[in-house]
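A.B. asks: Structure provided below as structure tokens; questions to follow.
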Amino acid sequence: MEMIGQGILEALRLLITGDPEVLRITLLTLKVSGTATLISVILGLPLGTLLALKSFPGQRLLLSIANFGMGLPPVVVGLWVSIFLWRSGPFGYLGIMYTPAAMIIAQAVIASPVVVALTSSALQQTNPKLRLQIKALGATRWQYLYLLIREARFGILAAIIAGFGAVVSEVGASMAVGGNIKGQTRVLTTATVLEVSKGNFDIAIALSIILLVLSYLITLGLTILQQKKQGA
Amino acid sequence: MLKAENILLIKSKKTILENINFTISPGESVGIVGPNGSGKSSLLKILASLDQPTSGQVWYKGTPLPKRVPLTVRRRMAMVFQEALLLNTSVYENVAVGLKMRFLPKAEINKRVYFWLEQFGIPHLAKQAASSLSGGEAQRVSLARAFALEPEVLFLDEPFSALDAPTKDALRKDLATIFQQTKVTTLLVSHDFADIQSLTQRALVLLDGKIAAEATPAELLRKPQPPQVEQFLAHWH
């Protein structure tokens, strides 16, 4: 109990004093996970829409891959992204291994299937008769897609929340491709693991509390957006 | 205005519609009546360019409609379904949505939305969320949305069947008045001959995917022929 109390006090101290190292780690966490989520939305929203609304050969296979991808172990993603970005790997010439860019790529790989699969599911749940009604109103293809995505907005925002949640909490991929280098690729999860391994439980608890508060605040913002009043 | 020529529709090796031929004149109000599963809604979707027949041709204003009906033609038609099928937004936005698709000026959209909400007696609901409406109110919004488009042809697919009797009677009465005022060309599908009697000038009886009889509603009741039509209309005698 004493350890937990100390951890909470340490968290408050780090937050109040604006510890520069903690601030840097927090900002990097936000930058890496935020960018990865944004990439997953840019890729996942159109792909999820395509899988939900178009019939084509291999559609079910792709959907099953997206569903499978939701459970991808981050450490496996980290391993494969490392292989590709390693100096001798196919993309080794980019020289981005052990940089935030590599972490963003790995996290985008983790979040994208989540956004694809849940967006697809949200759109498939819209009433097929409503889709016909939108066409009957004289919608162009883009107007049709816009209205359907707007109809499925609760589900799509849930997909984005889930995608962000998956990457902000992962440690395996960030550790593998980022290397947890102080001042360069250290994020809240990898820093917490490091402090636990050093036996610094108070700092580890402090970092975990910051991580929880941060991810709650972002999820809260997205939830408010999701539940926004539907009136005029 | 609209002509169906030798329409045949086969789905999953089952013949849904066969040898459908009829014409609708401008301003005419035509009813298609028949029991459930007779192919009424399938026919309406083909005529409204929302589905394609296996063979046959739909003509619109003397021009054969191609397989991919141009948006400019589709936008001259409007359709109301059995369910109100409203978007998860306000009543105002629901009525305005088709007008916004056509990029009409804001003032014109506002004018038309309130005019049609008035016509259907629901201007007070404009700012309400569509999800909070009763079945009757929702169907009035759906009708206002269709009329606001000022279509040349209006397709109504069982618009009252999800409503209780008093709500249905009130809406049918209001719709009859609006039909008289607008003189819009209308094709109404219903399994209830009472809808056809109160809202249309001519009726087609569809049985097993074929037109079994065609006459004014009064004539059909007076001389229901052949026997299958007589059997179907017996309930309304």
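In the structure tokens, the first chain shown is A, the next is B, and so on; residue numbers restart at 1 for each chain, and ligands run from 1 in the order shown.
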I need the residues of range 13-177 of chain B that end up classed as alpha helix (DSSP H) by DSSP on the backbone, written out as an MDAnalysis selection string.
C.D. replies: chainID B and resid 40:47 71:74 91:101 106:119 135:148 165:177
A.B. asks: Grab the residues selected above and save them as a CSV table (one decimal), in the first residue's frame with C-alpha atoms.
C.D. replies:
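See part-v2.csv below for the written result:
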chain,number,residue,atom,x,y,z
B,40,LYS,CA,-45.3,-5.0,-56.3
B,41,SER,CA,-42.3,-3.5,-54.5
B,42,SER,CA,-39.9,-5.2,-57.0
B,43,LEU,CA,-41.8,-3.5,-59.9
B,44,LEU,CA,-41.7,-0.1,-58.1
B,45,LYS,CA,-37.9,-0.4,-57.6
B,46,ILE,CA,-37.5,-1.1,-61.3
B,47,LEU,CA,-39.7,1.9,-62.3
B,71,LEU,CA,-28.5,11.1,-62.1
B,72,THR,CA,-30.4,14.0,-63.7
B,73,VAL,CA,-33.3,11.5,-64.5
B,74,ARG,CA,-33.1,9.8,-61.0
B,91,VAL,CA,-36.3,16.5,-38.8
B,92,TYR,CA,-35.2,19.7,-40.6
B,93,GLU,CA,-32.0,18.0,-41.9
B,94,ASN,CA,-33.9,15.0,-43.0
B,95,VAL,CA,-36.3,17.0,-45.2
B,96,ALA,CA,-33.4,19.2,-46.4
B,97,VAL,CA,-31.0,16.3,-47.3
B,98,GLY,CA,-32.2,15.8,-50.8
B,99,LEU,CA,-32.2,19.5,-51.5
B,100,LYS,CA,-28.7,19.9,-50.2
B,101,MET,CA,-27.6,17.0,-52.5
B,106,LYS,CA,-30.0,27.9,-48.5
B,107,ALA,CA,-33.0,30.2,-48.6
B,108,GLU,CA,-34.8,28.0,-51.1
B,109,ILE,CA,-34.0,24.9,-48.9
B,110,ASN,CA,-35.4,26.6,-45.8
B,111,LYS,CA,-38.5,27.7,-47.7
B,112,ARG,CA,-39.2,24.3,-49.1
B,113,VAL,CA,-38.5,22.4,-45.9
B,114,TYR,CA,-40.9,24.6,-43.8
B,115,PHE,CA,-43.5,24.6,-46.6
B,116,TRP,CA,-43.7,20.8,-46.7
B,117,LEU,CA,-43.5,20.4,-43.0
B,118,GLU,CA,-46.5,22.8,-42.8
B,119,GLN,CA,-48.3,20.8,-45.5
B,135,GLY,CA,-44.3,6.1,-36.5
B,136,GLY,CA,-46.9,8.4,-37.9
B,137,GLU,CA,-44.7,11.5,-37.5
B,138,ALA,CA,-41.7,9.8,-39.0
B,139,GLN,CA,-43.7,8.8,-42.1
B,140,ARG,CA,-44.9,12.4,-42.4
B,141,VAL,CA,-41.3,13.5,-42.4
B,142,SER,CA,-40.5,10.9,-45.0
B,143,LEU,CA,-43.3,12.2,-47.2
B,144,ALA,CA,-42.4,15.8,-46.7
B,145,ARG,CA,-38.8,14.9,-47.7
B,146,ALA,CA,-40.0,13.4,-51.0
B,147,PHE,CA,-42.4,16.2,-51.8
B,148,ALA,CA,-39.8,18.8,-51.0
B,165,ALA,CA,-55.5,2.5,-38.2
B,166,PRO,CA,-56.2,6.1,-36.9
B,167,THR,CA,-52.8,7.4,-37.8
B,168,LYS,CA,-53.1,5.8,-41.2
B,169,ASP,CA,-56.6,7.3,-41.9
B,170,ALA,CA,-55.4,10.8,-40.9
B,171,LEU,CA,-52.3,10.6,-43.1
B,172,ARG,CA,-54.2,9.1,-46.0
B,173,LYS,CA,-56.7,12.0,-45.8
B,174,ASP,CA,-53.9,14.6,-45.8
B,175,LEU,CA,-52.1,12.9,-48.6
B,176,ALA,CA,-55.3,12.9,-50.7
B,177,THR,CA,-55.5,16.7,-50.3
A.B. asks: Return the neighbours of chain B among the residues of chain A, cut-off 9 Å, counting only C-alpha atoms, as a PDB file with N, CA and C atoms, in the first residue's frame.
C.D. replies:
ATOM      1  N   ASN A 127     -28.896   0.146 -41.908  1.00  0.00           N
ATOM      2  CA  ASN A 127     -30.059  -0.491 -42.543  1.00  0.00           C
ATOM      3  C   ASN A 127     -29.907  -0.510 -44.078  1.00  0.00           C
ATOM      4  N   LYS A 129     -32.059  -0.870 -46.254  1.00  0.00           N
ATOM      5  CA  LYS A 129     -33.140  -0.091 -46.876  1.00  0.00           C
ATOM      6  C   LYS A 129     -32.823   1.410 -46.828  1.00  0.00           C
ATOM      7  N   LEU A 130     -32.114   1.817 -45.774  1.00  0.00           N
ATOM      8  CA  LEU A 130     -31.728   3.228 -45.685  1.00  0.00           C
ATOM      9  C   LEU A 130     -30.743   3.564 -46.811  1.00  0.00           C
ATOM     10  N   LEU A 132     -30.757   2.249 -49.712  1.00  0.00           N
ATOM     11  CA  LEU A 132     -31.567   2.387 -50.922  1.00  0.00           C
ATOM     12  C   LEU A 132     -32.282   3.744 -50.917  1.00  0.00           C
ATOM     13  N   GLN A 133     -32.745   4.159 -49.719  1.00  0.00           N
ATOM     14  CA  GLN A 133     -33.429   5.442 -49.604  1.00  0.00           C
ATOM     15  C   GLN A 133     -32.490   6.599 -49.960  1.00  0.00           C
ATOM     16  N   ILE A 134     -31.244   6.498 -49.525  1.00  0.00           N
ATOM     17  CA  ILE A 134     -30.277   7.561 -49.836  1.00  0.00           C
ATOM     18  C   ILE A 134     -30.072   7.650 -51.348  1.00  0.00           C
ATOM     19  N   LYS A 135     -29.989   6.489 -52.001  1.00  0.00           N
ATOM     20  CA  LYS A 135     -29.859   6.484 -53.464  1.00  0.00           C
ATOM     21  C   LYS A 135     -31.109   7.094 -54.095  1.00  0.00           C
ATOM     22  N   ALA A 136     -32.272   6.725 -53.547  1.00  0.00           N
ATOM     23  CA  ALA A 136     -33.540   7.214 -54.103  1.00  0.00           C
ATOM     24  C   ALA A 136     -33.685   8.728 -53.934  1.00  0.00           C
ATOM     25  N   LEU A 137     -32.959   9.300 -52.980  1.00  0.00           N
ATOM     26  CA  LEU A 137     -33.016  10.761 -52.799  1.00  0.00           C
ATOM     27  C   LEU A 137     -32.192  11.487 -53.864  1.00  0.00           C
ATOM     28  N   GLY A 138     -31.464  10.708 -54.653  1.00  0.00           N
ATOM     29  CA  GLY A 138     -30.687  11.313 -55.740  1.00  0.00           C
ATOM     30  C   GLY A 138     -29.250  11.609 -55.360  1.00  0.00           C
ATOM     31  N   ALA A 139     -28.683  10.777 -54.479  1.00  0.00           N
ATOM     32  CA  ALA A 139     -27.303  11.031 -54.035  1.00  0.00           C
ATOM     33  C   ALA A 139     -26.294  10.624 -55.101  1.00  0.00           C
ATOM     34  N   THR A 140     -25.235  11.397 -55.216  1.00  0.00           N
ATOM     35  CA  THR A 140     -24.099  10.973 -56.044  1.00  0.00           C
ATOM     36  C   THR A 140     -23.350   9.924 -55.206  1.00  0.00           C
ATOM     37  N   GLN A 143     -21.875  11.605 -52.138  1.00  0.00           N
ATOM     38  CA  GLN A 143     -22.910  12.008 -51.171  1.00  0.00           C
ATOM     39  C   GLN A 143     -23.440  10.770 -50.429  1.00  0.00           C
ATOM     40  N   LEU A 147     -23.100  10.293 -46.402  1.00  0.00           N
ATOM     41  CA  LEU A 147     -24.267  10.111 -45.535  1.00  0.00           C
ATOM     42  C   LEU A 147     -24.199   8.793 -44.768  1.00  0.00           C
ATOM     43  N   ARG A 150     -21.705   9.145 -42.043  1.00  0.00           N
ATOM     44  CA  ARG A 150     -22.295   9.971 -40.980  1.00  0.00           C
ATOM     45  C   ARG A 150     -23.294   9.147 -40.155  1.00  0.00           C
ATOM     46  N   GLU A 151     -24.042   8.262 -40.815  1.00  0.00           N
ATOM     47  CA  GLU A 151     -24.991   7.408 -40.116  1.00  0.00           C
ATOM     48  C   GLU A 151     -24.268   6.447 -39.183  1.00  0.00           C
ATOM     49  N   LYS A 229     -25.012  15.731 -29.423  1.00  0.00           N
ATOM     50  CA  LYS A 229     -26.458  15.772 -29.665  1.00  0.00           C
ATOM     51  C   LYS A 229     -26.788  15.659 -31.137  1.00  0.00           C
ATOM     52  N   GLN A 230     -27.878  14.983 -31.417  1.00  0.00           N
ATOM     53  CA  GLN A 230     -28.236  14.749 -32.812  1.00  0.00           C
ATOM     54  C   GLN A 230     -29.210  15.788 -33.365  1.00  0.00           C
ATOM     55  N   GLY A 231     -29.582  16.762 -32.547  1.00  0.00           N
ATOM     56  CA  GLY A 231     -30.550  17.769 -32.995  1.00  0.00           C
ATOM     57  C   GLY A 231     -30.001  18.661 -34.096  1.00  0.00           C
ATOM     58  N   ALA A 232     -30.747  19.707 -34.433  1.00  0.00           N
ATOM     59  CA  ALA A 232     -30.373  20.576 -35.556  1.00  0.00           C
ATOM     60  C   ALA A 232     -29.097  21.344 -35.282  1.00  0.00           C
TER      61      ALA A 232
END
A.B. asks: So which residues touch Ile110 in chain A within 8 Å, counting only C-alpha atoms, skipping near sequence neighbours fewer than 3 positions away, as a count of residues only?
C.D. replies: 12
A.B. asks: Kindly indicate which residue among A:Phe201, A:Tyr146, A:Tyr98, A:Phe56 lies nearest to Lys182 in chain A, using only C-alpha atoms for the distances.
C.D. replies: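 For Lys182 in chain A, the nearest of the given residues is A:Tyr98.
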A.B. asks: May I have the residues within 12 Å of Glu28 in chain B as a list of chain:residue names, using only C-alpha atoms and disregarding those fewer than 2 positions away in the same chain?
C.D. replies: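 In the requested form, the answer reads B:Met1, B:Leu2, B:Thr23, B:Ile24, B:Ser25, B:Pro26, B:Val30, B:Gly31, B:Glu152, B:Val153, B:Leu154, B:Phe179, B:Gln180, B:Thr182, B:Lys183, B:Val184, B:Thr185, B:Thr186, B:Leu187, B:Leu188, B:Leu199, B:Thr200, B:Gln201, B:Arg202, B:Ala203, B:Thr216.
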A.B. asks: Hey, can you spit out that residue selection with C-alpha atoms as a short mmCIF file (atom, residue, chain, number, x, y, z; two decimals), in the first residue's frame?
C.D. replies:
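Saved result, result_7.cif, follows:
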data_model
loop_
_atom_site.label_atom_id
_atom_site.label_comp_id
_atom_site.auth_asym_id
_atom_site.auth_seq_id
_atom_site.Cartn_x
_atom_site.Cartn_y
_atom_site.Cartn_z
CA MET B 1 -44.73 10.00 -68.53
CA LEU B 2 -43.67 6.49 -67.55
CA THR B 23 -48.32 3.41 -69.10
CA ILE B 24 -48.75 6.28 -66.66
CA SER B 25 -49.78 9.68 -68.00
CA PRO B 26 -48.48 12.97 -66.57
CA VAL B 30 -51.89 4.93 -60.36
CA GLY B 31 -52.12 2.22 -57.75
CA GLU B 152 -42.01 14.68 -61.56
CA VAL B 153 -42.86 11.16 -60.45
CA LEU B 154 -43.49 10.05 -56.91
CA PHE B 179 -52.27 14.99 -54.31
CA GLN B 180 -55.16 17.18 -55.45
CA THR B 182 -49.83 19.17 -56.52
CA LYS B 183 -51.13 16.89 -59.30
CA VAL B 184 -47.84 15.02 -59.13
CA THR B 185 -47.62 11.81 -61.16
CA THR B 186 -47.82 9.08 -58.55
CA LEU B 187 -47.39 5.35 -58.41
CA LEU B 188 -48.67 3.90 -55.15
CA LEU B 199 -55.56 7.96 -53.47
CA THR B 200 -55.49 6.73 -57.07
CA GLN B 201 -57.44 7.13 -60.28
CA ARG B 202 -56.45 3.81 -61.83
CA ALA B 203 -55.39 0.50 -60.35
CA THR B 216 -60.44 2.36 -62.00
#
